[in-house]
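Structure data (mmCIF, N, CA and C atoms) from work_1.cif:
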data_input
#
loop_
_atom_site.label_atom_id
_atom_site.label_comp_id
_atom_site.auth_asym_id
_atom_site.auth_seq_id
_atom_site.Cartn_x
_atom_site.Cartn_y
_atom_site.Cartn_z
N MET A 1 -4.68 -7.39 -30.99
CA MET A 1 -3.24 -7.59 -30.98
C MET A 1 -2.72 -7.39 -29.56
N THR A 2 -1.90 -8.32 -29.11
CA THR A 2 -1.28 -8.22 -27.79
C THR A 2 0.13 -7.68 -27.94
N TYR A 3 0.44 -6.66 -27.17
CA TYR A 3 1.78 -6.09 -27.14
C TYR A 3 2.56 -6.73 -26.01
N ILE A 4 3.81 -7.07 -26.29
CA ILE A 4 4.69 -7.66 -25.29
C ILE A 4 5.77 -6.64 -24.99
N ILE A 5 5.80 -6.14 -23.76
CA ILE A 5 6.71 -5.06 -23.39
C ILE A 5 7.77 -5.57 -22.43
N LEU A 6 9.02 -5.29 -22.73
CA LEU A 6 10.15 -5.68 -21.89
C LEU A 6 10.77 -4.43 -21.30
N GLY A 7 10.83 -4.36 -19.99
CA GLY A 7 11.52 -3.27 -19.31
C GLY A 7 12.88 -3.75 -18.87
N ILE A 8 13.93 -2.98 -19.14
CA ILE A 8 15.29 -3.37 -18.76
C ILE A 8 15.89 -2.29 -17.88
N SER A 9 16.24 -2.67 -16.65
CA SER A 9 16.88 -1.75 -15.71
C SER A 9 18.38 -2.00 -15.74
N GLY A 10 19.14 -1.00 -16.12
CA GLY A 10 20.59 -1.13 -16.22
C GLY A 10 21.35 -0.67 -14.99
N SER A 11 20.66 -0.39 -13.92
CA SER A 11 21.32 0.09 -12.71
C SER A 11 21.94 -1.06 -11.92
N PRO A 12 23.14 -0.85 -11.37
CA PRO A 12 23.74 -1.88 -10.52
C PRO A 12 23.15 -1.88 -9.10
N VAL A 13 22.31 -0.89 -8.80
CA VAL A 13 21.72 -0.76 -7.47
C VAL A 13 20.37 -1.48 -7.43
N LYS A 14 20.26 -2.49 -6.60
CA LYS A 14 19.00 -3.21 -6.45
C LYS A 14 17.99 -2.34 -5.73
N LYS A 15 16.78 -2.28 -6.29
CA LYS A 15 15.66 -1.51 -5.73
C LYS A 15 16.00 -0.03 -5.56
N GLY A 16 16.82 0.48 -6.47
CA GLY A 16 17.17 1.90 -6.45
C GLY A 16 16.19 2.73 -7.28
N ASN A 17 16.58 3.97 -7.58
CA ASN A 17 15.70 4.89 -8.31
C ASN A 17 15.35 4.40 -9.71
N ILE A 18 16.32 3.85 -10.42
CA ILE A 18 16.08 3.40 -11.80
C ILE A 18 15.06 2.24 -11.81
N GLU A 19 15.26 1.27 -10.92
CA GLU A 19 14.32 0.14 -10.87
C GLU A 19 12.93 0.61 -10.45
N THR A 20 12.86 1.53 -9.50
CA THR A 20 11.57 2.05 -9.05
C THR A 20 10.84 2.76 -10.18
N LEU A 21 11.56 3.61 -10.92
CA LEU A 21 10.98 4.34 -12.04
C LEU A 21 10.49 3.38 -13.12
N LEU A 22 11.30 2.41 -13.47
CA LEU A 22 10.94 1.44 -14.50
C LEU A 22 9.74 0.60 -14.07
N ASN A 23 9.75 0.12 -12.84
CA ASN A 23 8.62 -0.68 -12.34
C ASN A 23 7.32 0.11 -12.40
N ARG A 24 7.36 1.35 -12.00
CA ARG A 24 6.14 2.17 -12.03
C ARG A 24 5.68 2.45 -13.45
N ALA A 25 6.62 2.66 -14.35
CA ALA A 25 6.26 2.91 -15.75
C ALA A 25 5.59 1.68 -16.36
N ILE A 26 6.16 0.51 -16.12
CA ILE A 26 5.61 -0.72 -16.67
C ILE A 26 4.27 -1.06 -16.02
N GLU A 27 4.18 -0.90 -14.70
CA GLU A 27 2.93 -1.20 -13.99
C GLU A 27 1.82 -0.23 -14.37
N GLY A 28 2.16 0.98 -14.80
CA GLY A 28 1.17 1.99 -15.15
C GLY A 28 0.54 1.80 -16.52
N LEU A 29 1.02 0.82 -17.26
CA LEU A 29 0.45 0.55 -18.59
C LEU A 29 -0.93 -0.07 -18.45
N PRO A 30 -1.80 0.17 -19.40
CA PRO A 30 -3.13 -0.45 -19.35
C PRO A 30 -3.00 -1.98 -19.34
N ALA A 31 -3.88 -2.63 -18.63
CA ALA A 31 -3.82 -4.09 -18.49
C ALA A 31 -4.28 -4.83 -19.74
N LYS A 32 -5.11 -4.21 -20.54
CA LYS A 32 -5.70 -4.88 -21.69
C LYS A 32 -4.68 -5.04 -22.83
N ASN A 33 -4.54 -6.26 -23.32
CA ASN A 33 -3.69 -6.59 -24.48
C ASN A 33 -2.22 -6.27 -24.29
N ILE A 34 -1.74 -6.29 -23.05
CA ILE A 34 -0.32 -6.02 -22.81
C ILE A 34 0.26 -7.06 -21.86
N GLU A 35 1.33 -7.71 -22.31
CA GLU A 35 2.11 -8.59 -21.45
C GLU A 35 3.35 -7.83 -21.02
N ARG A 36 3.74 -7.97 -19.76
CA ARG A 36 4.87 -7.22 -19.22
C ARG A 36 5.96 -8.17 -18.74
N ASP A 37 7.20 -7.73 -18.88
CA ASP A 37 8.34 -8.46 -18.34
C ASP A 37 9.41 -7.42 -18.00
N ILE A 38 10.06 -7.60 -16.86
CA ILE A 38 11.11 -6.66 -16.44
C ILE A 38 12.37 -7.45 -16.14
N VAL A 39 13.50 -6.98 -16.65
CA VAL A 39 14.80 -7.58 -16.39
C VAL A 39 15.62 -6.56 -15.61
N HIS A 40 16.18 -7.01 -14.49
CA HIS A 40 17.03 -6.15 -13.67
C HIS A 40 18.48 -6.63 -13.83
N LEU A 41 19.31 -5.81 -14.44
CA LEU A 41 20.69 -6.21 -14.67
C LEU A 41 21.50 -6.29 -13.38
N SER A 42 20.97 -5.72 -12.31
CA SER A 42 21.69 -5.76 -11.02
C SER A 42 21.84 -7.20 -10.53
N GLY A 43 20.99 -8.10 -10.98
CA GLY A 43 21.08 -9.49 -10.57
C GLY A 43 21.72 -10.40 -11.60
N LEU A 44 22.24 -9.83 -12.69
CA LEU A 44 22.83 -10.62 -13.77
C LEU A 44 24.33 -10.34 -13.91
N LYS A 45 25.01 -11.28 -14.51
CA LYS A 45 26.43 -11.08 -14.82
C LYS A 45 26.54 -10.80 -16.32
N VAL A 46 26.86 -9.55 -16.66
CA VAL A 46 26.98 -9.13 -18.06
C VAL A 46 28.35 -8.49 -18.25
N ARG A 47 29.15 -9.09 -19.12
CA ARG A 47 30.50 -8.58 -19.38
C ARG A 47 30.47 -7.50 -20.45
N ASP A 48 31.53 -6.73 -20.51
CA ASP A 48 31.67 -5.70 -21.53
C ASP A 48 31.89 -6.31 -22.90
N CYS A 49 31.53 -5.54 -23.92
CA CYS A 49 31.74 -5.94 -25.31
C CYS A 49 33.24 -6.03 -25.59
N ILE A 50 33.65 -7.06 -26.34
CA ILE A 50 35.06 -7.21 -26.71
C ILE A 50 35.29 -6.79 -28.17
N HIS A 51 34.28 -6.26 -28.82
CA HIS A 51 34.35 -5.74 -30.19
C HIS A 51 34.87 -6.77 -31.19
N CYS A 52 34.32 -7.97 -31.10
CA CYS A 52 34.73 -9.05 -32.02
C CYS A 52 33.89 -9.07 -33.29
N ASN A 53 32.81 -8.28 -33.33
CA ASN A 53 31.89 -8.19 -34.46
C ASN A 53 31.08 -9.45 -34.72
N PHE A 54 31.00 -10.33 -33.73
CA PHE A 54 30.15 -11.52 -33.85
C PHE A 54 28.71 -11.12 -34.13
N CYS A 55 28.23 -10.09 -33.45
CA CYS A 55 26.83 -9.66 -33.61
C CYS A 55 26.55 -9.15 -35.03
N LEU A 56 27.57 -8.75 -35.74
CA LEU A 56 27.38 -8.25 -37.10
C LEU A 56 27.50 -9.35 -38.16
N THR A 57 28.31 -10.35 -37.89
CA THR A 57 28.63 -11.32 -38.94
C THR A 57 28.17 -12.75 -38.71
N LYS A 58 28.05 -13.18 -37.44
CA LYS A 58 27.78 -14.59 -37.17
C LYS A 58 26.53 -14.83 -36.34
N GLN A 59 25.77 -13.80 -36.06
CA GLN A 59 24.60 -13.91 -35.20
C GLN A 59 23.55 -14.85 -35.79
N MET A 60 22.93 -15.66 -34.94
CA MET A 60 21.86 -16.56 -35.35
C MET A 60 20.87 -16.69 -34.19
N PRO A 61 19.67 -17.20 -34.42
CA PRO A 61 18.71 -17.34 -33.33
C PRO A 61 19.30 -18.14 -32.16
N GLY A 62 19.20 -17.59 -30.98
CA GLY A 62 19.73 -18.24 -29.79
C GLY A 62 21.19 -17.97 -29.51
N LYS A 63 21.91 -17.40 -30.46
CA LYS A 63 23.34 -17.08 -30.29
C LYS A 63 23.58 -15.69 -30.85
N TYR A 64 23.52 -14.71 -29.95
CA TYR A 64 23.58 -13.31 -30.38
C TYR A 64 24.93 -12.67 -30.14
N CYS A 65 25.78 -13.33 -29.37
CA CYS A 65 27.06 -12.74 -28.99
C CYS A 65 28.05 -13.86 -28.70
N SER A 66 29.33 -13.60 -28.88
CA SER A 66 30.34 -14.63 -28.62
C SER A 66 30.62 -14.81 -27.13
N ILE A 67 30.25 -13.83 -26.32
CA ILE A 67 30.50 -13.90 -24.88
C ILE A 67 29.41 -14.73 -24.22
N LYS A 68 29.81 -15.69 -23.40
CA LYS A 68 28.85 -16.55 -22.70
C LYS A 68 28.60 -15.97 -21.31
N ASP A 69 27.47 -15.29 -21.17
CA ASP A 69 27.06 -14.74 -19.88
C ASP A 69 25.55 -14.56 -19.89
N ASP A 70 25.03 -13.83 -18.92
CA ASP A 70 23.58 -13.67 -18.79
C ASP A 70 22.96 -12.80 -19.88
N ALA A 71 23.75 -12.14 -20.68
CA ALA A 71 23.22 -11.27 -21.73
C ALA A 71 22.48 -12.05 -22.81
N GLN A 72 22.86 -13.30 -23.05
CA GLN A 72 22.20 -14.10 -24.08
C GLN A 72 20.70 -14.20 -23.82
N ALA A 73 20.33 -14.43 -22.56
CA ALA A 73 18.91 -14.54 -22.20
C ALA A 73 18.20 -13.21 -22.40
N VAL A 74 18.88 -12.11 -22.10
CA VAL A 74 18.28 -10.79 -22.29
C VAL A 74 18.09 -10.52 -23.78
N PHE A 75 19.06 -10.87 -24.60
CA PHE A 75 18.93 -10.70 -26.05
C PHE A 75 17.72 -11.49 -26.57
N GLU A 76 17.56 -12.72 -26.10
CA GLU A 76 16.44 -13.56 -26.54
C GLU A 76 15.10 -12.94 -26.12
N LYS A 77 15.02 -12.46 -24.90
CA LYS A 77 13.79 -11.80 -24.45
C LYS A 77 13.51 -10.57 -25.29
N ARG A 78 14.56 -9.81 -25.59
CA ARG A 78 14.37 -8.58 -26.37
C ARG A 78 13.88 -8.90 -27.78
N ARG A 79 14.38 -9.96 -28.34
CA ARG A 79 13.98 -10.35 -29.69
C ARG A 79 12.50 -10.73 -29.76
N GLN A 80 11.96 -11.29 -28.67
CA GLN A 80 10.58 -11.76 -28.65
C GLN A 80 9.59 -10.66 -28.30
N ARG A 81 10.04 -9.50 -27.92
CA ARG A 81 9.15 -8.44 -27.46
C ARG A 81 8.75 -7.49 -28.57
N THR A 82 7.58 -6.87 -28.39
CA THR A 82 7.09 -5.88 -29.33
C THR A 82 7.76 -4.54 -29.08
N LEU A 83 7.98 -4.22 -27.81
CA LEU A 83 8.53 -2.92 -27.41
C LEU A 83 9.42 -3.11 -26.20
N SER A 84 10.51 -2.36 -26.14
CA SER A 84 11.40 -2.41 -24.98
C SER A 84 11.50 -1.03 -24.37
N CYS A 85 11.56 -0.98 -23.06
CA CYS A 85 11.74 0.27 -22.31
C CYS A 85 13.04 0.14 -21.53
N TRP A 86 14.02 0.98 -21.83
CA TRP A 86 15.35 0.90 -21.23
C TRP A 86 15.55 2.04 -20.24
N ARG A 87 16.16 1.75 -19.11
CA ARG A 87 16.52 2.78 -18.14
C ARG A 87 17.87 2.43 -17.54
N ALA A 88 18.78 3.38 -17.53
CA ALA A 88 20.10 3.17 -16.91
C ALA A 88 20.69 4.51 -16.51
N PRO A 89 21.41 4.53 -15.40
CA PRO A 89 22.10 5.77 -15.03
C PRO A 89 23.37 5.94 -15.86
N TYR A 90 23.74 7.17 -16.11
CA TYR A 90 25.00 7.48 -16.78
C TYR A 90 25.88 8.22 -15.79
N ILE A 91 27.10 7.77 -15.67
CA ILE A 91 28.04 8.41 -14.75
C ILE A 91 29.18 8.97 -15.58
N SER A 92 29.47 10.24 -15.41
CA SER A 92 30.50 10.94 -16.19
C SER A 92 30.26 10.78 -17.69
N CYS A 93 29.01 10.88 -18.08
CA CYS A 93 28.58 10.81 -19.49
C CYS A 93 28.87 9.47 -20.15
N GLN A 94 29.06 8.44 -19.37
CA GLN A 94 29.31 7.10 -19.90
C GLN A 94 28.30 6.11 -19.33
N PRO A 95 27.83 5.17 -20.14
CA PRO A 95 26.93 4.14 -19.60
C PRO A 95 27.71 3.21 -18.68
N LEU A 96 27.01 2.56 -17.79
CA LEU A 96 27.65 1.63 -16.87
C LEU A 96 28.12 0.39 -17.58
N ARG A 97 29.03 -0.31 -16.95
CA ARG A 97 29.65 -1.51 -17.51
C ARG A 97 28.60 -2.53 -17.95
N GLY A 98 28.75 -3.08 -19.12
CA GLY A 98 27.84 -4.08 -19.65
C GLY A 98 26.61 -3.51 -20.33
N TRP A 99 26.24 -2.30 -19.97
CA TRP A 99 25.03 -1.68 -20.54
C TRP A 99 25.19 -1.41 -22.03
N ARG A 100 26.35 -0.92 -22.42
CA ARG A 100 26.57 -0.60 -23.83
C ARG A 100 26.43 -1.85 -24.70
N ARG A 101 26.94 -2.98 -24.22
CA ARG A 101 26.83 -4.22 -24.99
C ARG A 101 25.38 -4.63 -25.19
N LEU A 102 24.58 -4.49 -24.16
CA LEU A 102 23.17 -4.86 -24.28
C LEU A 102 22.40 -3.91 -25.18
N SER A 103 22.73 -2.64 -25.12
CA SER A 103 21.97 -1.67 -25.91
C SER A 103 22.41 -1.61 -27.36
N THR A 104 23.70 -1.77 -27.64
CA THR A 104 24.14 -1.68 -29.03
C THR A 104 24.14 -3.03 -29.73
N GLY A 105 24.60 -4.06 -29.06
CA GLY A 105 24.64 -5.40 -29.67
C GLY A 105 23.26 -5.89 -30.04
N SER A 106 22.29 -5.60 -29.20
CA SER A 106 20.94 -6.07 -29.47
C SER A 106 20.26 -5.26 -30.57
N ALA A 107 20.87 -4.15 -30.96
CA ALA A 107 20.29 -3.35 -32.03
C ALA A 107 20.30 -4.12 -33.35
N PHE A 108 21.18 -5.11 -33.45
CA PHE A 108 21.30 -5.88 -34.68
C PHE A 108 20.36 -7.07 -34.71
N LEU A 109 19.63 -7.31 -33.64
CA LEU A 109 18.76 -8.49 -33.58
C LEU A 109 17.75 -8.54 -34.70
N SER A 110 17.09 -7.43 -34.94
CA SER A 110 16.02 -7.45 -35.95
C SER A 110 16.56 -7.52 -37.37
N SER A 111 17.72 -6.94 -37.62
CA SER A 111 18.23 -6.92 -38.98
C SER A 111 19.00 -8.19 -39.34
N ALA A 112 19.63 -8.82 -38.35
CA ALA A 112 20.46 -9.98 -38.66
C ALA A 112 19.69 -11.28 -38.71
N ILE A 113 18.52 -11.29 -38.08
CA ILE A 113 17.79 -12.56 -38.01
C ILE A 113 16.45 -12.43 -38.72
#
In structure tokens, what does this structure look like?
Amino acid sequence: MTYIILGISGSPVKKGNIETLLNRAIEGLPAKNIERDIVHLSGLKVRDCIHCNFCLTKQMPGKYCSIKDDAQAVFEKRRQRTLSCWRAPYISCQPLRGWRRLSTGSAFLSSAI
């Protein structure tokens, strides 16, 4: 069995501590039977959730959210993976902008489809 692992860096800082930690964690995995993919949100445009409940009621393959931005591709990658590894900094006990939408909205991927 081949495991497909997706690493997602939620830091807005390119090549910062979060990306370095995630890259090393993913690279440190055994090479046998593992495919790796890393997404860096610092290079993507991801808007905040508008709480329209699309992800709960109207989600379908290829259309996971009503907002048209780079998050759709991340949702699709997440759906195709066996395991995901998430890393993001929290400032003042709150996740960074766009991160909450990716982490909570995608939680419905497996149950809705």
Residue with smallest distance to A:Gly10 - pool A:Ser42, A:Gln80, A:Asn33, A:Gln59, counting all atoms listed in the file:
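Counting all atoms listed in the file, the residue closest to A:Gly10 is A:Ser42.
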With the PyMOL selection byres ((chain A and resi 82) around 6.5) as the selection, what would be picked from this file? Answer as a list of chain:residue names, please.
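Applying the expression gives A:Tyr3, A:Ile4, A:Ile5, A:Leu6, A:Arg79, A:Gln80, A:Arg81, A:Leu83, A:Ser84.
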Please report the interatomic distance between atom CA of A:Ala71 and atom CA of A:Lys14 in Å with one decimal.
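Between atom CA of A:Ala71 and atom CA of A:Lys14 the gap works out to 17.8 Å.
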Can you list, as a list in words, all residues belonging to stretch 9-77 of chain A that DSSP tags as alpha helix (DSSP H)?
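Of stretch 9-77 of chain A, the ones in alpha helix (DSSP H) are Asn17, Ile18, Glu19, Thr20, Leu21, Leu22, Asn23, Arg24, Ala25, Ile26, Glu27, Phe54, Cys55, Leu56, Thr57, Ala71, Gln72, Ala73, Val74, Phe75, Glu76 and Lys77 of chain A.
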Based on the selection just made, write N, CA and C atoms of those residues as a PDB file, in the coordinates of the input.
ATOM      1  N   ASN A  17      16.580   3.970  -7.580  1.00  0.00           N
ATOM      2  CA  ASN A  17      15.700   4.890  -8.310  1.00  0.00           C
ATOM      3  C   ASN A  17      15.350   4.400  -9.710  1.00  0.00           C
ATOM      4  N   ILE A  18      16.320   3.850 -10.420  1.00  0.00           N
ATOM      5  CA  ILE A  18      16.080   3.400 -11.800  1.00  0.00           C
ATOM      6  C   ILE A  18      15.060   2.240 -11.810  1.00  0.00           C
ATOM      7  N   GLU A  19      15.260   1.270 -10.920  1.00  0.00           N
ATOM      8  CA  GLU A  19      14.320   0.140 -10.870  1.00  0.00           C
ATOM      9  C   GLU A  19      12.930   0.610 -10.450  1.00  0.00           C
ATOM     10  N   THR A  20      12.860   1.530  -9.500  1.00  0.00           N
ATOM     11  CA  THR A  20      11.570   2.050  -9.050  1.00  0.00           C
ATOM     12  C   THR A  20      10.840   2.760 -10.180  1.00  0.00           C
ATOM     13  N   LEU A  21      11.560   3.610 -10.920  1.00  0.00           N
ATOM     14  CA  LEU A  21      10.980   4.340 -12.040  1.00  0.00           C
ATOM     15  C   LEU A  21      10.490   3.380 -13.120  1.00  0.00           C
ATOM     16  N   LEU A  22      11.300   2.410 -13.470  1.00  0.00           N
ATOM     17  CA  LEU A  22      10.940   1.440 -14.500  1.00  0.00           C
ATOM     18  C   LEU A  22       9.740   0.600 -14.070  1.00  0.00           C
ATOM     19  N   ASN A  23       9.750   0.120 -12.840  1.00  0.00           N
ATOM     20  CA  ASN A  23       8.620  -0.680 -12.340  1.00  0.00           C
ATOM     21  C   ASN A  23       7.320   0.110 -12.400  1.00  0.00           C
ATOM     22  N   ARG A  24       7.360   1.350 -12.000  1.00  0.00           N
ATOM     23  CA  ARG A  24       6.140   2.170 -12.030  1.00  0.00           C
ATOM     24  C   ARG A  24       5.680   2.450 -13.450  1.00  0.00           C
ATOM     25  N   ALA A  25       6.620   2.660 -14.350  1.00  0.00           N
ATOM     26  CA  ALA A  25       6.260   2.910 -15.750  1.00  0.00           C
ATOM     27  C   ALA A  25       5.590   1.680 -16.360  1.00  0.00           C
ATOM     28  N   ILE A  26       6.160   0.510 -16.120  1.00  0.00           N
ATOM     29  CA  ILE A  26       5.610  -0.720 -16.670  1.00  0.00           C
ATOM     30  C   ILE A  26       4.270  -1.060 -16.020  1.00  0.00           C
ATOM     31  N   GLU A  27       4.180  -0.900 -14.700  1.00  0.00           N
ATOM     32  CA  GLU A  27       2.930  -1.200 -13.990  1.00  0.00           C
ATOM     33  C   GLU A  27       1.820  -0.230 -14.370  1.00  0.00           C
ATOM     34  N   PHE A  54      31.000 -10.330 -33.730  1.00  0.00           N
ATOM     35  CA  PHE A  54      30.150 -11.520 -33.850  1.00  0.00           C
ATOM     36  C   PHE A  54      28.710 -11.120 -34.130  1.00  0.00           C
ATOM     37  N   CYS A  55      28.230 -10.090 -33.450  1.00  0.00           N
ATOM     38  CA  CYS A  55      26.830  -9.660 -33.610  1.00  0.00           C
ATOM     39  C   CYS A  55      26.550  -9.150 -35.030  1.00  0.00           C
ATOM     40  N   LEU A  56      27.570  -8.750 -35.740  1.00  0.00           N
ATOM     41  CA  LEU A  56      27.380  -8.250 -37.100  1.00  0.00           C
ATOM     42  C   LEU A  56      27.500  -9.350 -38.160  1.00  0.00           C
ATOM     43  N   THR A  57      28.310 -10.350 -37.890  1.00  0.00           N
ATOM     44  CA  THR A  57      28.630 -11.320 -38.940  1.00  0.00           C
ATOM     45  C   THR A  57      28.170 -12.750 -38.710  1.00  0.00           C
ATOM     46  N   ALA A  71      23.750 -12.140 -20.680  1.00  0.00           N
ATOM     47  CA  ALA A  71      23.220 -11.270 -21.730  1.00  0.00           C
ATOM     48  C   ALA A  71      22.480 -12.050 -22.810  1.00  0.00           C
ATOM     49  N   GLN A  72      22.860 -13.300 -23.050  1.00  0.00           N
ATOM     50  CA  GLN A  72      22.200 -14.100 -24.080  1.00  0.00           C
ATOM     51  C   GLN A  72      20.700 -14.200 -23.820  1.00  0.00           C
ATOM     52  N   ALA A  73      20.330 -14.430 -22.560  1.00  0.00           N
ATOM     53  CA  ALA A  73      18.910 -14.540 -22.200  1.00  0.00           C
ATOM     54  C   ALA A  73      18.200 -13.210 -22.400  1.00  0.00           C
ATOM     55  N   VAL A  74      18.880 -12.110 -22.100  1.00  0.00           N
ATOM     56  CA  VAL A  74      18.280 -10.790 -22.290  1.00  0.00           C
ATOM     57  C   VAL A  74      18.090 -10.520 -23.780  1.00  0.00           C
ATOM     58  N   PHE A  75      19.060 -10.870 -24.600  1.00  0.00           N
ATOM     59  CA  PHE A  75      18.930 -10.700 -26.050  1.00  0.00           C
ATOM     60  C   PHE A  75      17.720 -11.490 -26.570  1.00  0.00           C
ATOM     61  N   GLU A  76      17.560 -12.720 -26.100  1.00  0.00           N
ATOM     62  CA  GLU A  76      16.440 -13.560 -26.540  1.00  0.00           C
ATOM     63  C   GLU A  76      15.100 -12.940 -26.120  1.00  0.00           C
ATOM     64  N   LYS A  77      15.020 -12.460 -24.900  1.00  0.00           N
ATOM     65  CA  LYS A  77      13.790 -11.800 -24.450  1.00  0.00           C
ATOM     66  C   LYS A  77      13.510 -10.570 -25.290  1.00  0.00           C
TER      67      LYS A  77
END
Selection result of the PyMOL selection byres ((chain A and resi 40) around 8) on this file, as a ChimeraX atom specification
/A:7-12,19,37-39,41-44
Report as JSON, numbers by chain the residues that result from applying the PyMOL selection byres (((chain A and resi 66-68 and name CA) around 7) and name CA) to the structure here.
{"A": [54, 65, 69]}
One-decimal distance in Å that lies between atom N of A:Asn53 and atom CA of A:Ala73:
18.9 Å
A:Thr2, A:Val74, A:Leu56, A:Leu102 ranked by distance to A:Lys32, top pick (using only N, CA and C atoms):
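Nearest candidate to A:Lys32 out of A:Thr2, A:Val74, A:Leu56, A:Leu102: A:Thr2.
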State, in Å with one decimal place, the distance from atom CA of A:Arg24 to atom CA of A:Arg47.
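Separation of atom CA of A:Arg24 and atom CA of A:Arg47: 27.6 Å.
Residue nearest A:Lys63 within the list A:Arg36, A:His51, A:Leu29, A:Glu76: A:Glu76 [criterion: smallest interatomic distance, only N, CA and C atoms].
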Compare A:Leu22, A:Phe75, A:Met1, A:Glu27 by their minimum atom-to-atom distance to A:Gly62, counting only N, CA and C atoms, and give me the closest one.
A:Phe75
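On the backbone of this structure, DSSP gives strand (DSSP E) within stretch 15-48 of chain A to Ile34, Glu35, Arg36, Asp37, Ile38, Val39 and His40 of chain A.
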